[in-house]
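Shown below: coords_0.txt, with compact mmCIF, C-alpha atoms.
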# COMPACT_ATOMS: atom_id res chain seq x y z
CA MET T 12 32.55 -8.90 36.87
CA ALA T 13 29.28 -8.54 34.95
CA GLU T 14 28.25 -5.06 33.96
CA LYS T 15 25.37 -3.68 36.00
CA THR T 16 22.52 -2.43 33.85
CA ALA T 17 19.26 -0.64 34.53
CA VAL T 18 16.30 0.38 32.38
CA LEU T 19 14.87 3.85 32.86
CA TYR T 20 11.71 5.37 31.40
CA ARG T 21 11.48 9.14 31.75
CA MET T 22 9.70 12.10 30.20
CA VAL T 23 11.75 14.02 27.62
CA MET T 24 9.35 16.29 25.77
CA PRO T 25 9.91 19.47 23.77
CA ASP T 26 8.27 21.53 26.52
CA HIS T 27 9.10 19.39 29.55
CA LEU T 28 12.22 17.60 30.73
CA CYS T 29 11.45 15.66 33.90
CA PRO T 30 13.97 16.68 36.62
CA PHE T 31 13.37 13.49 38.59
CA GLY T 32 14.22 11.46 35.49
CA LEU T 33 17.53 13.29 35.23
CA LYS T 34 18.20 12.70 38.92
CA ALA T 35 17.36 9.00 38.61
CA LYS T 36 19.72 8.58 35.63
CA ALA T 37 22.54 10.39 37.43
CA LEU T 38 22.00 8.32 40.59
CA LEU T 39 22.16 5.06 38.65
CA GLU T 40 25.33 6.12 36.84
CA ARG T 41 26.99 7.22 40.08
CA ASN T 42 26.35 3.74 41.42
CA GLY T 43 28.01 2.07 38.44
CA TYR T 44 24.99 1.19 36.31
CA ARG T 45 24.85 1.42 32.54
CA VAL T 46 21.45 2.97 31.88
CA GLU T 47 19.19 1.88 29.04
CA ASP T 48 17.51 5.25 28.76
CA HIS T 49 14.00 5.31 27.22
CA HIS T 50 12.55 8.73 26.45
CA LEU T 51 8.80 9.31 26.63
CA THR T 52 8.49 12.12 24.14
CA SER T 53 4.78 12.96 24.23
CA ARG T 54 1.87 13.00 26.63
CA GLU T 55 0.23 10.18 24.69
CA GLU T 56 3.36 8.02 24.86
CA THR T 57 3.69 8.69 28.59
CA ASP T 58 0.04 7.85 29.28
CA ALA T 59 0.32 4.64 27.25
CA PHE T 60 3.42 3.60 29.20
CA MET T 61 1.79 4.27 32.56
CA ALA T 62 -1.35 2.37 31.54
CA ARG T 63 0.70 -0.59 30.31
CA GLU T 64 2.75 -0.75 33.51
CA SER T 65 -0.16 0.12 35.82
CA MET T 66 1.79 3.12 37.12
CA SER T 67 0.62 6.65 37.81
CA THR T 68 3.97 8.46 37.71
CA THR T 69 7.26 8.64 35.85
CA PRO T 70 10.19 8.12 35.88
CA GLN T 71 10.24 4.37 36.43
CA THR T 72 13.39 2.33 36.94
CA TYR T 73 13.93 -1.41 36.41
CA VAL T 74 16.97 -3.35 37.58
CA GLU T 75 17.38 -6.96 36.36
CA GLY T 76 13.73 -7.01 35.39
CA ARG T 77 12.58 -5.84 38.80
CA ARG T 78 10.67 -2.59 39.01
CA ILE T 79 12.26 -0.28 41.56
CA GLY T 80 9.98 2.72 41.01
CA GLY T 81 10.51 6.45 40.84
CA TYR T 82 13.35 8.64 42.09
CA ASP T 83 12.37 8.47 45.78
CA GLU T 84 12.07 4.68 45.64
CA LEU T 85 15.39 4.45 43.81
CA ARG T 86 17.14 6.47 46.53
CA ALA T 87 15.61 4.21 49.17
CA TRP T 88 16.73 1.14 47.21
CA PHE T 89 20.29 2.46 47.31
CA GLY T 90 19.95 3.03 51.06
CA ARG T 91 19.66 6.81 50.83
CA PRO T 92 15.99 7.67 51.41
CA LEU T 93 14.94 11.31 51.31
CA PRO T 94 14.07 12.79 54.72
CA GLY T 95 10.36 12.90 55.52
CA ALA T 96 8.46 16.16 55.81
CA ASP T 97 8.37 15.84 59.61
CA ASP T 98 11.89 14.52 60.14
CA THR T 99 14.17 16.53 62.39
CA SER T 100 17.00 18.24 60.54
CA TYR T 101 19.74 20.59 61.71
CA ARG T 102 20.99 21.08 58.14
CA PRO T 103 19.44 24.57 57.63
CA VAL T 104 21.02 25.87 60.85
CA ILE T 105 24.41 24.34 60.04
CA ALA T 106 24.26 25.87 56.56
CA ILE T 107 23.37 29.32 57.90
CA PHE T 108 26.13 29.42 60.51
CA ALA T 109 28.71 27.95 58.12
CA VAL T 110 27.90 30.50 55.41
CA ALA T 111 27.89 33.36 57.93
CA PHE T 112 31.33 32.30 59.16
CA LEU T 113 32.78 32.02 55.66
CA VAL T 114 31.32 35.38 54.62
CA ALA T 115 32.75 36.96 57.77
CA LEU T 116 36.18 35.61 56.82
CA ALA T 117 35.74 36.91 53.26
CA VAL T 118 34.77 40.38 54.50
CA THR T 119 37.70 40.38 56.92
CA TRP T 120 40.06 39.53 54.07
CA ALA T 121 38.59 42.21 51.82
CA ALA T 122 38.69 44.87 54.55
CA THR T 123 41.99 44.12 56.24
CA GLY T 124 43.99 41.78 54.00
CA ARG T 125 44.01 39.25 56.82
CA LEU T 126 41.94 36.13 57.33
CA PHE T 127 41.06 36.96 60.92
CA ALA T 128 40.73 40.26 62.76
CA PRO T 129 39.05 41.55 65.94
CA ARG T 130 35.85 42.31 64.03
CA THR T 131 35.59 38.86 62.44
CA VAL T 132 33.59 37.43 65.33
CA GLU T 133 31.31 40.49 65.36
CA TRP T 134 30.68 40.14 61.63
CA PHE T 135 30.06 36.40 61.98
CA ILE T 136 27.38 36.84 64.66
CA ALA T 137 25.78 39.81 62.92
CA MET T 138 25.68 38.01 59.57
CA ALA T 139 24.19 34.94 61.21
CA MET T 140 21.48 37.19 62.67
CA VAL T 141 20.70 38.62 59.24
CA LEU T 142 20.58 35.19 57.58
CA LEU T 143 18.34 33.81 60.32
CA ALA T 144 16.08 36.85 60.01
CA LEU T 145 15.91 36.34 56.27
CA GLN T 146 14.63 32.79 56.83
CA LYS T 147 11.87 34.17 59.04
CA LEU T 148 11.00 37.00 56.65
CA GLN T 149 10.29 34.56 53.81
CA ASP T 150 7.00 33.70 55.53
CA VAL T 151 6.32 35.93 58.51
CA GLU T 152 2.87 34.45 59.02
CA SER T 153 4.19 30.90 59.41
CA PHE T 154 7.04 32.12 61.60
CA SER T 155 4.69 34.01 63.90
CA THR T 156 2.46 30.95 64.32
CA MET T 157 5.37 28.76 65.40
CA PHE T 158 6.90 31.56 67.51
CA LEU T 159 3.67 31.97 69.49
CA ASN T 160 4.04 28.40 70.76
CA TYR T 161 6.75 29.44 73.18
CA ASP T 162 7.82 33.10 73.17
CA LEU T 163 6.77 34.75 76.42
CA LEU T 164 6.34 38.30 75.09
CA ALA T 165 4.63 37.27 71.85
CA ARG T 166 2.05 35.33 73.86
CA ARG T 167 1.11 38.55 75.67
CA HIS T 168 1.44 40.83 72.65
CA VAL T 169 0.89 38.95 69.37
CA GLY T 170 2.21 41.84 67.29
CA TYR T 171 5.71 41.18 68.66
CA ALA T 172 5.81 37.92 66.71
CA TYR T 173 5.50 39.94 63.49
CA VAL T 174 8.03 42.59 64.56
CA TYR T 175 10.71 40.15 65.75
CA PRO T 176 12.28 39.15 62.38
CA PHE T 177 12.46 42.79 61.26
CA ALA T 178 14.11 43.76 64.55
CA GLU T 179 16.63 40.93 64.26
CA ALA T 180 17.48 41.92 60.68
CA LEU T 181 17.83 45.61 61.59
CA ALA T 182 20.12 44.89 64.53
CA GLY T 183 22.28 42.55 62.47
CA ILE T 184 22.64 44.95 59.54
CA LEU T 185 23.59 47.87 61.81
CA MET T 186 26.12 45.70 63.63
CA ILE T 187 27.73 44.64 60.34
CA ALA T 188 28.06 48.30 59.41
CA GLY T 189 29.19 49.29 62.90
CA ALA T 190 26.64 52.11 62.69
CA LEU T 191 23.92 53.32 65.07
CA ILE T 192 25.01 50.82 67.70
CA TRP T 193 22.99 52.82 70.23
CA ILE T 194 19.94 51.40 68.38
CA ALA T 195 21.28 47.97 67.40
CA ALA T 196 22.63 46.96 70.81
CA PRO T 197 19.44 47.60 72.84
CA VAL T 198 17.29 45.91 70.18
CA ALA T 199 19.51 42.82 70.07
CA LEU T 200 19.75 42.68 73.88
CA PHE T 201 15.98 42.99 74.24
CA ILE T 202 14.96 40.30 71.76
CA GLY T 203 17.88 38.05 72.67
CA THR T 204 17.15 38.12 76.42
CA ILE T 205 13.44 37.49 75.99
CA GLY T 206 14.16 34.75 73.47
CA ALA T 207 16.63 32.99 75.76
CA ALA T 208 14.23 33.16 78.72
CA SER T 209 11.40 31.81 76.55
CA VAL T 210 13.45 28.82 75.36
CA ILE T 211 14.70 28.02 78.87
CA LYS T 212 11.14 28.04 80.23
CA ALA T 213 9.60 26.04 77.37
CA VAL T 214 12.32 23.40 77.02
CA TYR T 215 14.23 23.12 80.26
CA ILE T 216 11.53 23.99 82.81
CA ASP T 217 8.23 22.95 81.20
CA ARG T 218 9.90 20.10 79.26
CA ARG T 219 7.86 20.80 76.13
CA GLU T 220 8.87 19.29 72.77
CA LEU T 221 8.43 22.03 70.19
CA LYS T 222 9.85 23.08 66.84
CA CYS T 223 12.13 26.08 66.74
CA ALA T 224 11.05 29.10 64.72
CA CYS T 225 14.70 30.17 64.39
CA VAL T 226 14.89 29.19 60.69
CA GLY T 227 11.33 30.25 59.86
CA GLY T 228 7.93 28.71 60.30
CA ASN T 229 8.52 25.70 58.06
CA GLY T 230 11.63 24.28 59.68
CA ASN T 231 12.01 20.99 61.55
CA VAL T 232 14.69 22.07 64.01
CA PRO T 233 13.76 21.11 67.60
CA LEU T 234 13.43 23.99 70.02
CA GLY T 235 16.34 23.94 72.41
CA PHE T 236 20.07 24.41 72.10
CA VAL T 237 20.04 26.03 68.64
CA SER T 238 17.48 28.71 69.47
CA LEU T 239 19.09 29.30 72.86
CA THR T 240 22.47 29.74 71.15
CA GLU T 241 20.98 32.23 68.68
CA ASN T 242 19.53 34.35 71.48
CA VAL T 243 22.58 34.16 73.73
CA MET T 244 24.82 35.19 70.82
CA MET T 245 22.61 38.20 70.14
CA SER T 246 22.63 39.22 73.80
CA LEU T 247 26.41 38.86 74.17
CA MET T 248 26.97 40.74 70.92
CA ALA T 249 24.75 43.55 72.18
CA VAL T 250 26.62 43.77 75.49
CA TRP T 251 30.00 43.67 73.72
CA MET T 252 29.24 46.33 71.12
CA GLY T 253 27.15 48.44 73.48
CA GLY T 254 29.91 48.36 76.08
CA GLY T 255 32.44 49.35 73.44
CA LEU T 256 30.25 52.31 72.51
CA LEU T 257 30.06 53.48 76.13
CA LEU T 258 33.82 53.18 76.59
CA SER T 259 34.68 55.04 73.39
Can you present the structure in this file as structure tokens?
Amino acid sequence: MAEKTAVLYRMVMPDHLCPFGLKAKALLERNGYRVEDHHLTSREETDAFMARESMSTTPQTYVEGRRIGGYDELRAWFGRPLPGADDTSYRPVIAIFAVAFLVALAVTWAATGRLFAPRTVEWFIAMAMVLLALQKLQDVESFSTMFLNYDLLARRHVGYAYVYPFAEALAGILMIAGALIWIAAPVALFIGTIGAASVIKAVYIDRRELKCACVGGNGNVPLGFVSLTENVMMSLMAVWMGGGLLLS
């Protein structure tokens, strides 16, 4: 079988190493190509190459004399295009819940010497709350704008949209610590109940297609099951821990 070869031109300068050039080279090699790697070592050399090839960007990849293009075009050529800016993606939510679950297991192991304990589920939900709040707190302004599209209380009192991520983080942190539950439980129950009602009305009654602000104002997660799950989890956690406080 003939060896597969590709020609790559990428910027490798003393003060700049093109990350997309590195990605393109690695992608070619992972797919079994021997790469003829040409370094563009100065701005002048890069400009001359782009002028000669009538291109405006680097890197540029050629396979069997055919120009494929830059890194994005190369991914598409291999059948793995990058998701578009407006494409729906549940990856951030999956990552948050997966990390929260693994951290909860790690904390359980450190605290009890066991992999699972009665507090593991509590820690998992509380850590998920904190991680979700952190996503919102990265850009509260963008979060509030998206949140105002559907939250019933925020639409009546805009300031609630700015308070929400701080309240979620506070409740989650207190629940992880098992401290001041008389504050954490009512806060979580309040925001969780209003959030669940808002999602049910927007999605299942009004049939609106909206983006969920659950992972911040720049996410592409559709409003619906994920946000409803977040709010129901908060509410159930509040009832569970609040009830435990009353019974103790």
Check your understanding: Which residues, written as a list in words, have at least one atom at most 8 Å from stretch 200-216 of chain T, with only C-alpha atoms counted and residues fewer than 4 positions away on the same chain left out?
Key ->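 Once the nearby chain positions are removed, what remains is Tyr161, Asp162, Leu163, Leu164, Tyr175, Glu179, Ala196, Glu220, Leu221, Leu234, Gly235, Ser238, Leu239, Glu241, Asn242, Val243, Met244, Met245, Ser246, Leu247, Ala249 and Val250 of chain T.
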Point to revise | Atom-to-atom span, atom CA of T:Thr156 and atom CA of T:Ala178, Å | key: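 Calculated distance between atom CA of T:Thr156 and atom CA of T:Ala178 is 17.3 Å.
Going from atom CA of T:Leu159 to atom CA of T:Ala224 covers 9.2 Å.
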Check your understanding: Looking at T:Met22, T:Ala144, T:Val46, T:Ala35, which one is nearest to T:Phe60, with distances taken over all atoms listed in the file?
Key -> T:Met22
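Residues in contact with T:Gln146 at up to 7 Å, not including ones fewer than 4 positions away on its chain and judged by all atoms listed in the file, are T:Leu142, T:Val226, T:Gly227.
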**Study point:** Surrounding residues of T:Leu148 excluding itself and chain neighbours under 4 positions, 9 Å, all atoms listed in the file, as a list in words
**Key:**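 So the residues in contact are Leu143, Ala144, Glu152, Phe154, Pro176, Phe177 and Gly227 of chain T.
Across T:Ala188, T:Ala111, T:Ala182, T:Ala117, the tightest approach to T:Phe135 is made by T:Ala111 when counting only C-alpha atoms.
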Practice item. Could you jot down the atom CA of T:Met157 to atom CA of T:Arg219 separation for me, Å, one decimal place? Key: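 These atoms are spaced 13.6 Å apart.
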Check your understanding: If you count only C-alpha atoms, which residues fall within 12 Å of T:Lys15, apart from same-chain ones fewer than 5 positions away, as a PyMOL selection string?
Key -> chain T and resi 39-47+73-75
Check your understanding: Which is closer to T:His49 than all the others in T:Val23, T:Met252, T:Ile194, T:Met140, using only C-alpha atoms?
Key -> T:Val23
**Study point:** Closest of T:Leu51, T:Arg167, T:Gln71, T:Arg78 to T:Pro25 - atom-to-atom distances counting all atoms listed in the file
**Key:** T:Leu51
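Closest to T:Ala195 among T:Met248, T:Met138, T:Val232, T:Ser153 is T:Met248, based on only C-alpha atoms.
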For stretch 12-30 of chain T, take all atoms listed in the file, fit an axis-aligned box around them, add 5 Å to each of the six sides, then output centre and edge lengths in Å rounded to one decimal, as JSON.
{"center_x": 20.4, "center_y": 6.3, "center_z": 30.3, "size_x": 34.3, "size_y": 40.4, "size_z": 23.1}
Check your understanding: Out of T:Phe127, T:Trp134, T:Leu33, T:Gly90, which residue has the shortest atom-to-atom distance to T:Val114 when counting all atoms listed in the file?
Key ->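 Selected residue with least distance to T:Val114: T:Trp134.
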Check your understanding: Do you know which residues are at most 7 Å from T:Leu126 counting only C-alpha atoms, after dropping those on the same chain fewer than 5 positions away, and could you put them as a ChimeraX atom specification?
Key -> /T:116,119-120
